[in-house]
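Since the structure comes first, as structure tokens, the remarks are kept for the end.
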Protein chains: 2
Amino acid sequence: MPVTKGPTTAEKRVRQGEGHALQAPRGTRDFYPEDMRRRNWLFDLFRKTALRFGFEEVDAPMVEHAELFTRKAGEEIVDQLYHFELHGRHLALRPEMTPSIARMVIARQGAMRFPIRWFTITQNWRYERMTRGRRREHYQWNMDVWGEKGVEAEAELLSAMMTVFDALGLARGQVRIRLNSRALLEESLREGVLASRPGVFEPLCVVIDKIDKIGPEAVTDLLRDEKGEIGLSAGEAERVLEMLGVRSLDEAARFAAPDSKALAELRRLYDLLDAYGIADEIPFDASVVRGLAYYTGVVFEAFDAGGTLRAIAGGGRYDRLAETLGGRPVPAVGFGFGDAVIGELLEDEGLWPRLERKVEDVVYAFGPDEMVAAIRVARRLREAGRRVELAPGGAKLKRVLGEADRSGAARVHLIGGDELARGVVKVKDLSTKQEHEEPLPAS
Amino acid sequence: MPVTKGPTTAEKRVRQGEGHALQAPRGTRDFYPEDMRRRNWLFDLFRKTALRFGFEEVDAPMVEHAELFTRKAGEEIVDQLYHFELHGRHLALRPEMTPSIARMVIARQGAMRFPIRWFTITQNWRYERMTRGRRREHYQWNMDVWGEKGVEAEAELLSAMMTVFDALGLARGQVRIRLNSRALLEESLREGVLASRPGVFEPLCVVIDKIDKIGPEAVTDLLRDEKGEIGLSAGEAERVLEMLGVRSLDEAARFAAPDSKALAELRRLYDLLDAYGIADEIPFDASVVRGLAYYTGVVFEAFDAGGTLRAIAGGGRYDRLAETLGGRPVPAVGFGFGDAVIGELLEDEGLWPRLERKVEDVVYAFGPDEMVAAIRVARRLREAGRRVELAPGGAKLKRVLGEADRSGAARVHLIGGDELARGVVKVKDLSTKQEHEEPLPAS
């Protein structure tokens, strides 16, 4: 086959933006072998870590009824839904995994033993403007605990996340997980704003989440906007902004009620994180509230310490989601960890490992007459569990040897007319360059 | 958490067909832990087999431009497309993997070394009437060879397929792969029908493929239908039907030209299959043509010998697909092997293995005060690579022990107030029922 000629007509058409059936849709990725090796390596690490924490893998269809995702208004995620009508149904590609997990839990809520610990590694879709590390699809690792109301669940999840950062070769300090509690914020607003308007809390969190993007002044405007659904007074908005600036539990205590349950939970959580040896990596940060409306308690986001990339992972407690979807109440907490941003960070830090093709043996027949013998050799090696490439007879030996070397093969097995006549195969060790002969298999 | 109560309100609504956001869309599957263990076990076998044959894994987005799949008319697959308009683009969920693979090959055709050997394990979607073993989504293992024109490629693929049947525990004879060559059929029609109407061959194959479903008479009618695009004479249609009845190469020779290239290739293929030790499992069957228009040469379909299920796997040579899509010509051959029909067969034959959860250690704190110590124990075990479930302090010990036993755990590590005071953890071996104590980790 011809190699490295100029671009074909099809390639030119694609580069010129024509013939778009020949391109993956904008914002999506093809995974060529070298990309796939990285993806599998990363997913294997996710899977191994989740299993080490006693979690079980599950999956749900990528297409769901759109209604599952549009249960609440005001979330960015709903505007970005890949949704469509088909045969009278309003369907959507899942933008995140949690609603599908919730649906699966609710469907068997009466028959399952809680707590359940589930993980998923799935592709999710969001139709949005593309920036670095953000496409219209990404893969996401999720871990969720259902039926455990204590912060023991949060601590397990955060430890699992940190286990992956460690395993990826990121030095402690290269990634920080900023953590807060929506319950703490809710408590401090309970006597005031929320007393008359309890429904205001979720949209308020969605607005606060934008603070890094749009700045404190724009957030204040949105909190005060009388035409909006929140409508805080100047004093209330100021107090909320002041609270968002808090960066330690002791400081947070100044805003919290003397017997604050949320604060006690946070102190307990940090004791547990200390036992996991990860408390130093997880600073308290009252400005973190996360953009999804359904979070109710502890929330957290992992960032690269350099601060140049978007969030690597995020999650929190969502104790009311089951009820919102029509199930019985059950406490729950989880996180999502995408493949895109961590991939950028590994690239920046030079931490992707060298992942080779891992063929172990190449069997080469000089011509069609030796093919039957070559097949018998390949078959015997494969039956012994080896990874064997059977090279086509027509290829040039020199190229086959070069390819074998590049693919990391340990041995090449050569069969020409002379070997066939003598009933042997020549075995060349590619590291020592030594050759020896072995008898051909009888059948 | 409450266990095995009656159905919840949400469950009742789902059973009554209401609240459909709480159901997976019709024809799709949720994978609960026990389903996922089977899926992973099957996919691991696909993956291991493909790697053993020197193939490399790739992937493409599940959403493609619809145009990629609608390049040809007359195929059932186009009518069954999950397609939709979104933001001015006509998109579709892939019904099969081959066009995406072709797109990826064409996009780098000038830069890649052929032959390439790729495999995929992907979810594909078809909107169709549901029957046993057939849903609107299924997962499919594909193996494709690009750039190898000889039947050596077909033989490798068929051997990989048979390797999986063997590994699944299916006795030789329980699955048969019926094989034919479209090239043989095309050759024998070349002087006659196709001389004046070469475009007729592809629709003719699509019609012939229906013979098992609609019977020979209905096929004859479709071949002769003067208003249709094929329009054979009575004699021509009769000859085609007669050819379809052929079940051996010697018999096929009666219809073929004396120097038939297609027949020589088939004989060569059977010599190679014999070297793989699988020729007896792959009967020649001239009625097999496959329903996809793009096949050009050898085609094959795997069936359970009982004949009660749909095709387990199928594939063939498609040497003109790259050109059809605007690329340079490159020979190619591949197969697709779904997860659904093989799953039914394994179920019928009782061949699914018992797949347990595989937690190795359960760490149990009697109360919140022992949680920090329990975390340290769990952490040490996990660092040693063990799969550890950290049981919540509030759970009943008896239930934890029962669960640990069911999940196949080898050991339970118990920490109560007494153990904590003495700085030890009680380790109970679940198989020997013996207990001993170990010192608690210092930090």
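Starting from 1 in every chain, residues are counted up; chains themselves are A, B, ... following the order of the structure tokens, and ligands are numbered from 1 as listed.
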For this session: For chain A, report every residue with an atom at most 7 Å from chain B (counting only C-alpha atoms), formatted as a ChimeraX atom specification.
Result: /A:1,3-8,10-11,21-22,24-25,28-33,36,51-54,56-61,64-65,67-68,84,103,107,110-114,147,272,275-276,326-327,359,372,375-376,379,382,386-389,443
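With distances restricted to only C-alpha atoms, A:Val333 is the closest residue to Tyr295 of chain A from A:Val333, A:Ala311, A:Ala92, A:Val200.
Among the residues of segment 229-396 of chain B, backbone DSSP assigns strand (DSSP E) to B:Val298, B:Val299, B:Phe300, B:Glu301, B:Ala302, B:Phe303, B:Asp304, B:Ala313, B:Gly314, B:Gly315, B:Gly316, B:Arg317, B:Ala332, B:Val333, B:Gly334, B:Phe335, B:Gly336, B:Phe337, B:Gly338, B:Asp361, B:Val362, B:Val363, B:Tyr364, B:Ala365, B:Val388, B:Glu389, B:Leu390, B:Ala391.
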For those residues, write N, CA, C and O atoms to a file as an mmCIF file, in the first residue's frame.
data_model
loop_
_atom_site.group_PDB
_atom_site.id
_atom_site.type_symbol
_atom_site.label_atom_id
_atom_site.label_comp_id
_atom_site.auth_asym_id
_atom_site.auth_seq_id
_atom_site.Cartn_x
_atom_site.Cartn_y
_atom_site.Cartn_z
ATOM 1 N N VAL B 298 -16.250 -11.990 -0.287
ATOM 2 C CA VAL B 298 -16.651 -12.996 0.687
ATOM 3 C C VAL B 298 -17.592 -12.362 1.713
ATOM 4 O O VAL B 298 -17.368 -11.239 2.160
ATOM 5 N N VAL B 299 -18.672 -13.067 2.034
ATOM 6 C CA VAL B 299 -19.600 -12.635 3.090
ATOM 7 C C VAL B 299 -19.879 -13.835 3.994
ATOM 8 O O VAL B 299 -19.795 -14.986 3.547
ATOM 9 N N PHE B 300 -20.179 -13.572 5.245
ATOM 10 C CA PHE B 300 -20.411 -14.680 6.178
ATOM 11 C C PHE B 300 -21.319 -14.246 7.321
ATOM 12 O O PHE B 300 -21.424 -13.059 7.631
ATOM 13 N N GLU B 301 -21.987 -15.229 7.909
ATOM 14 C CA GLU B 301 -22.918 -15.008 9.011
ATOM 15 C C GLU B 301 -22.805 -16.151 10.000
ATOM 16 O O GLU B 301 -22.852 -17.306 9.604
ATOM 17 N N ALA B 302 -22.716 -15.832 11.287
ATOM 18 C CA ALA B 302 -22.662 -16.882 12.308
ATOM 19 C C ALA B 302 -24.048 -17.089 12.913
ATOM 20 O O ALA B 302 -24.734 -16.126 13.249
ATOM 21 N N PHE B 303 -24.447 -18.349 13.017
ATOM 22 C CA PHE B 303 -25.755 -18.714 13.561
ATOM 23 C C PHE B 303 -25.616 -19.791 14.627
ATOM 24 O O PHE B 303 -24.700 -20.614 14.553
ATOM 25 N N ASP B 304 -26.558 -19.820 15.578
ATOM 26 C CA ASP B 304 -26.631 -20.975 16.468
ATOM 27 C C ASP B 304 -27.144 -22.153 15.654
ATOM 28 O O ASP B 304 -28.018 -21.995 14.790
ATOM 29 N N ALA B 313 -23.413 -12.931 14.412
ATOM 30 C CA ALA B 313 -22.367 -12.052 13.888
ATOM 31 C C ALA B 313 -22.394 -12.152 12.374
ATOM 32 O O ALA B 313 -22.941 -13.115 11.820
ATOM 33 N N GLY B 314 -21.836 -11.180 11.705
ATOM 34 C CA GLY B 314 -21.794 -11.231 10.251
ATOM 35 C C GLY B 314 -20.786 -10.242 9.717
ATOM 36 O O GLY B 314 -20.414 -9.289 10.404
ATOM 37 N N GLY B 315 -20.342 -10.496 8.501
ATOM 38 C CA GLY B 315 -19.379 -9.569 7.928
ATOM 39 C C GLY B 315 -19.064 -9.920 6.506
ATOM 40 O O GLY B 315 -19.742 -10.757 5.888
ATOM 41 N N GLY B 316 -18.011 -9.307 5.991
ATOM 42 C CA GLY B 316 -17.618 -9.569 4.628
ATOM 43 C C GLY B 316 -16.651 -8.531 4.103
ATOM 44 O O GLY B 316 -16.225 -7.636 4.829
ATOM 45 N N ARG B 317 -16.352 -8.683 2.846
ATOM 46 C CA ARG B 317 -15.387 -7.806 2.178
ATOM 47 C C ARG B 317 -16.118 -6.643 1.511
ATOM 48 O O ARG B 317 -17.173 -6.841 0.903
ATOM 49 N N ALA B 332 -10.911 -3.838 1.846
ATOM 50 C CA ALA B 332 -11.229 -3.915 3.277
ATOM 51 C C ALA B 332 -12.171 -5.062 3.547
ATOM 52 O O ALA B 332 -12.960 -5.463 2.685
ATOM 53 N N VAL B 333 -12.083 -5.612 4.736
ATOM 54 C CA VAL B 333 -12.970 -6.693 5.152
ATOM 55 C C VAL B 333 -13.141 -6.607 6.667
ATOM 56 O O VAL B 333 -12.222 -6.194 7.377
ATOM 57 N N GLY B 334 -14.356 -6.947 7.137
ATOM 58 C CA GLY B 334 -14.588 -6.838 8.571
ATOM 59 C C GLY B 334 -15.826 -7.595 9.004
ATOM 60 O O GLY B 334 -16.559 -8.146 8.183
ATOM 61 N N PHE B 335 -16.028 -7.652 10.314
ATOM 62 C CA PHE B 335 -17.266 -8.240 10.821
ATOM 63 C C PHE B 335 -17.780 -7.452 12.007
ATOM 64 O O PHE B 335 -17.040 -6.703 12.651
ATOM 65 N N GLY B 336 -19.087 -7.621 12.288
ATOM 66 C CA GLY B 336 -19.714 -7.095 13.486
ATOM 67 C C GLY B 336 -20.305 -8.250 14.286
ATOM 68 O O GLY B 336 -20.869 -9.185 13.701
ATOM 69 N N PHE B 337 -20.159 -8.175 15.598
ATOM 70 C CA PHE B 337 -20.549 -9.284 16.483
ATOM 71 C C PHE B 337 -21.275 -8.622 17.658
ATOM 72 O O PHE B 337 -20.648 -7.956 18.483
ATOM 73 N N GLY B 338 -22.606 -8.748 17.688
ATOM 74 C CA GLY B 338 -23.395 -8.041 18.690
ATOM 75 C C GLY B 338 -23.381 -8.701 20.056
ATOM 76 O O GLY B 338 -23.013 -9.867 20.191
ATOM 77 N N ASP B 361 -12.041 -7.212 51.107
ATOM 78 C CA ASP B 361 -12.042 -6.920 52.536
ATOM 79 C C ASP B 361 -13.174 -5.960 52.870
ATOM 80 O O ASP B 361 -13.414 -5.011 52.127
ATOM 81 N N VAL B 362 -13.849 -6.207 53.991
ATOM 82 C CA VAL B 362 -14.826 -5.259 54.502
ATOM 83 C C VAL B 362 -14.293 -4.721 55.826
ATOM 84 O O VAL B 362 -13.878 -5.502 56.687
ATOM 85 N N VAL B 363 -14.264 -3.398 55.948
ATOM 86 C CA VAL B 363 -13.808 -2.787 57.194
ATOM 87 C C VAL B 363 -15.029 -2.180 57.883
ATOM 88 O O VAL B 363 -15.774 -1.409 57.267
ATOM 89 N N TYR B 364 -15.228 -2.564 59.137
ATOM 90 C CA TYR B 364 -16.448 -2.172 59.835
ATOM 91 C C TYR B 364 -16.122 -1.435 61.138
ATOM 92 O O TYR B 364 -15.450 -1.976 62.020
ATOM 93 N N ALA B 365 -16.607 -0.206 61.240
ATOM 94 C CA ALA B 365 -16.491 0.564 62.482
ATOM 95 C C ALA B 365 -17.814 0.437 63.222
ATOM 96 O O ALA B 365 -18.870 0.678 62.638
ATOM 97 N N VAL B 388 -11.578 -2.943 48.874
ATOM 98 C CA VAL B 388 -12.037 -2.783 50.246
ATOM 99 C C VAL B 388 -13.333 -1.987 50.326
ATOM 100 O O VAL B 388 -13.419 -0.873 49.801
ATOM 101 N N GLU B 389 -14.321 -2.556 50.988
ATOM 102 C CA GLU B 389 -15.533 -1.794 51.272
ATOM 103 C C GLU B 389 -15.467 -1.294 52.710
ATOM 104 O O GLU B 389 -15.222 -2.060 53.637
ATOM 105 N N LEU B 390 -15.678 0.011 52.863
ATOM 106 C CA LEU B 390 -15.711 0.602 54.189
ATOM 107 C C LEU B 390 -17.184 0.702 54.590
ATOM 108 O O LEU B 390 -17.941 1.476 54.016
ATOM 109 N N ALA B 391 -17.596 -0.133 55.562
ATOM 110 C CA ALA B 391 -19.016 -0.193 55.916
ATOM 111 C C ALA B 391 -19.379 0.967 56.836
ATOM 112 O O ALA B 391 -18.598 1.327 57.709
#
Problem set entry | Two-atom distance - atom CA of Gly306 of chain B, atom CA of Asn124 of chain B (Å) |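 Pair atom CA of Gly306 of chain B / atom CA of Asn124 of chain B returns 26.6 Å.
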Problem set entry | Given only C-alpha atoms as the counted atoms, nearest of A:Ala404, A:Ile177, A:Asp250, A:Thr296 to Phe165 of chain A |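 Looking only at the distances to Phe165 of chain A, the closest residue turns out to be A:Ile177.
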For this session: Write out as a list in words each polymer residue whose atoms come within 7 Å of Glu437 of chain B, counting only C-alpha atoms; drop sequence neighbours fewer than 4 positions from it.
Result: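 So, after excluding close chain neighbours, the residues are Val424, Val425, Lys426 and Val427 of chain B.
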Could you save the residues just selected, with N, CA, C and O atoms, as a compact mmCIF listing (two decimals), in the first residue's frame?
# COMPACT_ATOMS: atom_id res chain seq x y z
N VAL B 424 -6.09 -2.06 68.46
CA VAL B 424 -6.06 -3.22 67.55
C VAL B 424 -7.30 -3.24 66.65
O VAL B 424 -8.28 -2.52 66.89
N VAL B 425 -7.24 -4.06 65.60
CA VAL B 425 -8.40 -4.35 64.76
C VAL B 425 -8.57 -5.86 64.75
O VAL B 425 -7.59 -6.61 64.70
N LYS B 426 -9.83 -6.31 64.88
CA LYS B 426 -10.12 -7.73 64.88
C LYS B 426 -10.34 -8.17 63.43
O LYS B 426 -11.19 -7.61 62.73
N VAL B 427 -9.61 -9.15 62.97
CA VAL B 427 -9.71 -9.62 61.58
C VAL B 427 -10.35 -11.00 61.57
O VAL B 427 -9.84 -11.93 62.20
Problem set entry | Atomic distance atom CA of Glu344 of chain B - atom CA of Thr308 of chain B, expressed in Å with one decimal | 10.4 Å
For this session: Can you pull out every residue within 10 Å of Arg172 of chain B, counting only C-alpha atoms, but drop anything in the same chain fewer than 5 positions away, and send it as a PyMOL selection string?
Result: chain B and resi 162+165-166+278+280-281+305
Exercise. Which residues, written as a PyMOL selection string, have at least one atom at most 12 Å from Val240 of chain B, with only C-alpha atoms counted and residues fewer than 6 positions away on the same chain left out?
Worked result: chain B and resi 184-189+192-193+201+204-205+207-208+211+216+219-220+223-224+232-234+246+255+286-287
For this session: Mind listing the helix (DSSP H, G or I) residues of segment 367-443 of chain B, per DSSP on the backbone, as a ChimeraX atom specification?
Result: /B:368-383,397-406,417-422
Exercise. What gap, in Å, lies between atom CA of Arg126 of chain A and atom CA of Gly88 of chain B?
Worked result: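 For atom CA of Arg126 of chain A relative to atom CA of Gly88 of chain B, the distance reads 16.0 Å.
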Seminar exercise, completed: Among A:Pro283, A:Glu202, A:Ala442, A:Leu158, Gly173 of chain A is approached most closely, using only C-alpha atoms, by A:Pro283
